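In what follows, a structure is listed as structure tokens, so that the remarks can point back to it.
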Amino acid sequence: MALFGAFASTSFVLLGLWIGDRFLKMQFQWKEVVLLVFCSGIFSFIIIHFILQQFIYRRIKLIYKIIRKAKTSVPDKKALQKNDSTILEVVEQEVQQWADIQQNEIETLKTLESYRRRYIGNVSHELKTPIFSIQGYIHTLMDGGMHDENVNMRYLERAASNVDRLLTIVQDLEEISKFESEDLVLDIQNFDIKSLVKEVFHDLEVNARQKSIDLIFKEGADRSFNVMADREAIRRVLNNLISNSIKYGNENGTTKVSFYVMHKQLLVEIADNGIGVEEKHLNHLFDRFYRVDKSRSRVSGGSGLGLAIVKHIIEAHQQTINVRSTPGRGSTFGFTLDLAND
Ligand code: ADP
């Protein structure tokens with residue numbers, strides 16, 4: 001660009017000399033002409049080069065200020081003087097990178113925003129249902145129901161069970177946010193998974209008996225297996241999966257727990273012969289608040305967060321969880337754990 005400018009200005013000087021010589025009858029020596037043309041060429045090259053550099057540097061500085069948001073990151077002025085086109089390519093590349101990063105950030109923010117909106121919508125919806133019920137029962141009691149022996153106790157019990165549901169939702173939400181903020185530190189220890197399953201069977205005995213469901217181990221799985229995991233967190237997993245197998249199991253059904261050794265891991269499976277889940281729902285079962293049959297889940301007191309918590313716990317152990325299911329035949333949930341070395 002500077003060279004082109006120098007040529008242009010030299011041409012003007014030559015034109016001036018020709019006009020002076022032709023029309024104004026100025027007599028120039030050829031040495032004077034050469035010197036004048038040479039000096040004007042060099043001079044205009046230096047001036048144009050300097051002005052261009054200042055101009056480009058100022059522009060680039062502005063671009064860098066915008067994309068880097070830092071004063072120190074302006075390119076080196078000396079580097080700029082070496083080769084204008086190279087530095088422009090570098091700037092173009094950096095601006096492109098900056099634009100890509102901005103675009104990615106915008107996409108991430110949009111996803112987070114829509115997730116946040118859905119999450120708040122789901123939470124408020126979940127909380128609203130029991131709150132409305134409690135409000136309804138309390139108002140009915142206040143409007144005279146309190147003195148009606150036929151309904152007062154029943155309404156109080158229903159209000160109390162909705163308070164329990166509220167508490168379950170809030171506790172589950174608290175737990176899930178603990179996992180998501182990665183505040184939870186696992187207490188990894190060596191323990192026998194079979195005796196933990198026995199404890200959970202014992203805790204859920206009453207629920208199982210109400211539906212005449214048998215809680216059993218698969219034949220041949222009566223050995224103990226020592227695993228390395230957070231015992232209380234795995235208790236939560238087993239409790240959730242086994243209580244789901246009861247909730248969504250059929251009367252007189254069976255919940256069967258099996259263990260399979262896979263190299264250094266143990267696969268724990270909880271199988272029921274209950275209502276099962278259609279294939280289209282399977283990928284969403286571990287999503288927060290996802291329910292296949294909303295009314296059935298609510299009636300049985302579920303928060304819709306149980307499997308999301310289970311997945312968080314298993315993933316925090318760097319393990320995997322999966323589900324197989326056939327509607328009308330039952331479901332099998334399986335997760336892996338590290339076997340202890342002993
Ligand atoms: P919920 O509190 O609703 O039980 P979960 O997260 O534990 O929430 O389960 C999510 C959904 O997955 C349930 O609403 C139910 O539709 C389905 N589900 C979970 N376990 C089973 C199972 N063993 N059999 C059939 N469906 C199940």
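Residues are named by chain letter and number: chains run A, B, ... in the order of the structure tokens, numbers start at 1 in each chain, and ligands are numbered from 1 in the order shown.
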Set the cut-off to 6 Å, count only C-alpha atoms and all ligand atoms, and list whatever residues fall near ligand 1 as a list in words.
-> Asn244, Ser245, Tyr248, Ile275, Gly276, Val277, Leu285, Tyr290, Arg291, Val292, Asp293, Ser297, Gly302, Ser303, Gly304, Leu305, Gly306, Leu307, Ala308 and Ser331 of chain A
Contacts of A:Thr332 at 12 Å (only C-alpha atoms; same-chain gap of 5+ positions) as a count of residues only | 30
Per DSSP on the backbone, what are the alpha helix (DSSP H) residues of stretch 47-191 of chain A, as a PyMOL selection string?
-> chain A and resi 47-68+77-82+84-142+152-180
For the selection you just gave me, I'd like the residues written to a file as a JSON list (two decimals), in the first residue's frame, keeping C-alpha atoms.
```json
[["chain", "number", "residue", "atom", "x", "y", "z"],
["A", 47, "ILE", "CA", 5.16, 9.16, 5.28],
["A", 48, "ILE", "CA", 2.46, 6.84, 3.90],
["A", 49, "HIS", "CA", 3.98, 3.81, 5.63],
["A", 50, "PHE", "CA", 4.04, 5.65, 8.95],
["A", 51, "ILE", "CA", 0.48, 6.97, 8.62],
["A", 52, "LEU", "CA", -0.80, 3.51, 7.63],
["A", 53, "GLN", "CA", 0.94, 1.87, 10.56],
["A", 54, "GLN", "CA", -0.52, 4.36, 12.98],
["A", 55, "PHE", "CA", -3.94, 3.88, 11.45],
["A", 56, "ILE", "CA", -3.79, 0.05, 11.47],
["A", 57, "TYR", "CA", -2.28, -0.04, 14.96],
["A", 58, "ARG", "CA", -5.00, 2.19, 16.35],
["A", 59, "ARG", "CA", -7.70, 0.03, 14.75],
["A", 60, "ILE", "CA", -6.12, -3.23, 15.92],
["A", 61, "LYS", "CA", -5.65, -1.82, 19.40],
["A", 62, "LEU", "CA", -9.34, -1.04, 19.51],
["A", 63, "ILE", "CA", -10.26, -4.53, 18.28],
["A", 64, "TYR", "CA", -7.98, -6.16, 20.86],
["A", 65, "LYS", "CA", -9.40, -3.98, 23.61],
["A", 66, "ILE", "CA", -12.86, -5.15, 22.70],
["A", 67, "ILE", "CA", -12.07, -8.85, 22.32],
["A", 68, "ARG", "CA", -9.62, -9.27, 25.19],
["A", 77, "LYS", "CA", 3.91, -2.43, 17.87],
["A", 78, "LYS", "CA", 7.25, -3.76, 16.56],
["A", 79, "ALA", "CA", 5.58, -6.96, 15.37],
["A", 80, "LEU", "CA", 3.15, -4.81, 13.50],
["A", 81, "GLN", "CA", 5.95, -2.99, 11.73],
["A", 82, "LYS", "CA", 7.40, -6.22, 10.34],
["A", 84, "ASP", "CA", 1.18, -5.66, 7.88],
["A", 85, "SER", "CA", -0.52, -8.53, 6.07],
["A", 86, "THR", "CA", 0.70, -11.17, 8.57],
["A", 87, "ILE", "CA", -0.49, -9.20, 11.55],
["A", 88, "LEU", "CA", -3.82, -8.63, 9.85],
["A", 89, "GLU", "CA", -4.17, -12.39, 9.32],
["A", 90, "VAL", "CA", -3.36, -12.97, 12.99],
["A", 91, "VAL", "CA", -5.91, -10.37, 14.03],
["A", 92, "GLU", "CA", -8.52, -11.89, 11.72],
["A", 93, "GLN", "CA", -7.89, -15.33, 13.21],
["A", 94, "GLU", "CA", -8.12, -14.03, 16.76],
["A", 95, "VAL", "CA", -11.32, -12.14, 16.01],
["A", 96, "GLN", "CA", -12.78, -15.28, 14.47],
["A", 97, "GLN", "CA", -11.80, -17.30, 17.56],
["A", 98, "TRP", "CA", -13.30, -14.62, 19.78],
["A", 99, "ALA", "CA", -16.52, -14.65, 17.74],
["A", 100, "ASP", "CA", -16.71, -18.48, 18.01],
["A", 101, "ILE", "CA", -16.20, -18.35, 21.79],
["A", 102, "GLN", "CA", -18.87, -15.67, 22.12],
["A", 103, "GLN", "CA", -21.25, -17.74, 20.01],
["A", 104, "ASN", "CA", -20.62, -20.82, 22.18],
["A", 105, "GLU", "CA", -21.17, -18.79, 25.33],
["A", 106, "ILE", "CA", -24.44, -17.46, 23.97],
["A", 107, "GLU", "CA", -25.58, -21.01, 23.11],
["A", 108, "THR", "CA", -24.61, -22.26, 26.60],
["A", 109, "LEU", "CA", -26.40, -19.35, 28.26],
["A", 110, "LYS", "CA", -29.51, -20.00, 26.17],
["A", 111, "THR", "CA", -29.49, -23.69, 27.16],
["A", 112, "LEU", "CA", -28.94, -22.82, 30.83],
["A", 113, "GLU", "CA", -31.68, -20.23, 30.70],
["A", 114, "SER", "CA", -34.19, -22.67, 29.22],
["A", 115, "TYR", "CA", -33.07, -25.35, 31.73],
["A", 116, "ARG", "CA", -33.47, -22.84, 34.58],
["A", 117, "ARG", "CA", -36.93, -21.84, 33.37],
["A", 118, "ARG", "CA", -38.03, -25.48, 33.05],
["A", 119, "TYR", "CA", -36.51, -26.32, 36.44],
["A", 120, "ILE", "CA", -38.26, -23.46, 38.25],
["A", 121, "GLY", "CA", -41.51, -24.33, 36.43],
["A", 122, "ASN", "CA", -41.22, -27.97, 37.51],
["A", 123, "VAL", "CA", -40.31, -27.15, 41.11],
["A", 124, "SER", "CA", -43.15, -24.70, 41.55],
["A", 125, "HIS", "CA", -45.57, -27.12, 39.91],
["A", 126, "GLU", "CA", -44.46, -29.94, 42.22],
["A", 127, "LEU", "CA", -44.77, -27.75, 45.30],
["A", 128, "LYS", "CA", -48.09, -26.25, 44.25],
["A", 129, "THR", "CA", -49.93, -29.58, 44.15],
["A", 130, "PRO", "CA", -49.51, -30.54, 47.84],
["A", 131, "ILE", "CA", -49.83, -26.90, 48.96],
["A", 132, "PHE", "CA", -53.22, -26.60, 47.23],
["A", 133, "SER", "CA", -54.37, -29.85, 48.82],
["A", 134, "ILE", "CA", -53.29, -28.73, 52.30],
["A", 135, "GLN", "CA", -54.98, -25.36, 51.73],
["A", 136, "GLY", "CA", -58.19, -27.11, 50.63],
["A", 137, "TYR", "CA", -58.31, -29.45, 53.66],
["A", 138, "ILE", "CA", -57.55, -26.66, 56.16],
["A", 139, "HIS", "CA", -60.20, -24.35, 54.71],
["A", 140, "THR", "CA", -62.79, -27.12, 54.72],
["A", 141, "LEU", "CA", -61.96, -27.86, 58.35],
["A", 142, "MET", "CA", -62.16, -24.16, 59.27],
["A", 152, "ASN", "CA", -62.26, -34.05, 60.50],
["A", 153, "MET", "CA", -59.77, -36.81, 61.23],
["A", 154, "ARG", "CA", -59.61, -37.95, 57.59],
["A", 155, "TYR", "CA", -58.93, -34.40, 56.36],
["A", 156, "LEU", "CA", -56.26, -33.86, 58.98],
["A", 157, "GLU", "CA", -54.57, -37.12, 57.94],
["A", 158, "ARG", "CA", -54.68, -36.11, 54.27],
["A", 159, "ALA", "CA", -53.26, -32.67, 55.07],
["A", 160, "ALA", "CA", -50.51, -34.35, 57.09],
["A", 161, "SER", "CA", -49.66, -36.74, 54.26],
["A", 162, "ASN", "CA", -49.38, -33.76, 51.88],
["A", 163, "VAL", "CA", -47.03, -32.07, 54.34],
["A", 164, "ASP", "CA", -44.94, -35.26, 54.26],
["A", 165, "ARG", "CA", -44.93, -35.11, 50.45],
["A", 166, "LEU", "CA", -43.81, -31.47, 50.55],
["A", 167, "LEU", "CA", -41.01, -32.43, 52.89],
["A", 168, "THR", "CA", -39.93, -35.30, 50.61],
["A", 169, "ILE", "CA", -39.79, -32.95, 47.60],
["A", 170, "VAL", "CA", -37.81, -30.30, 49.49],
["A", 171, "GLN", "CA", -35.36, -32.90, 50.88],
["A", 172, "ASP", "CA", -34.89, -34.45, 47.43],
["A", 173, "LEU", "CA", -34.35, -31.01, 45.90],
["A", 174, "GLU", "CA", -31.79, -30.22, 48.55],
["A", 175, "GLU", "CA", -30.01, -33.50, 47.88],
["A", 176, "ILE", "CA", -29.98, -33.03, 44.15],
["A", 177, "SER", "CA", -28.59, -29.50, 44.40],
["A", 178, "LYS", "CA", -25.88, -30.85, 46.72],
["A", 179, "PHE", "CA", -24.87, -33.32, 43.99],
["A", 180, "GLU", "CA", -25.00, -30.70, 41.29]]
```
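Nearest residue to A:Ala221, choosing from A:Val261, A:Phe201, A:Ala6, A:Ile19 and counting only C-alpha atoms: A:Val261.
Atom pair atom CA of A:Glu251 / atom CA of A:Ile213 has a distance of 6.3 Å (rounded to one decimal).
What separates atom CA of A:Phe259 from atom CA of A:Glu232 is a distance of 19.0 Å.
Of the residues under consideration (A:Asn207, A:Ser9, A:Asn252, A:Asn150), A:Ser9 shows the shortest atom-to-atom contact distance to A:Phe43 when counting only C-alpha atoms.
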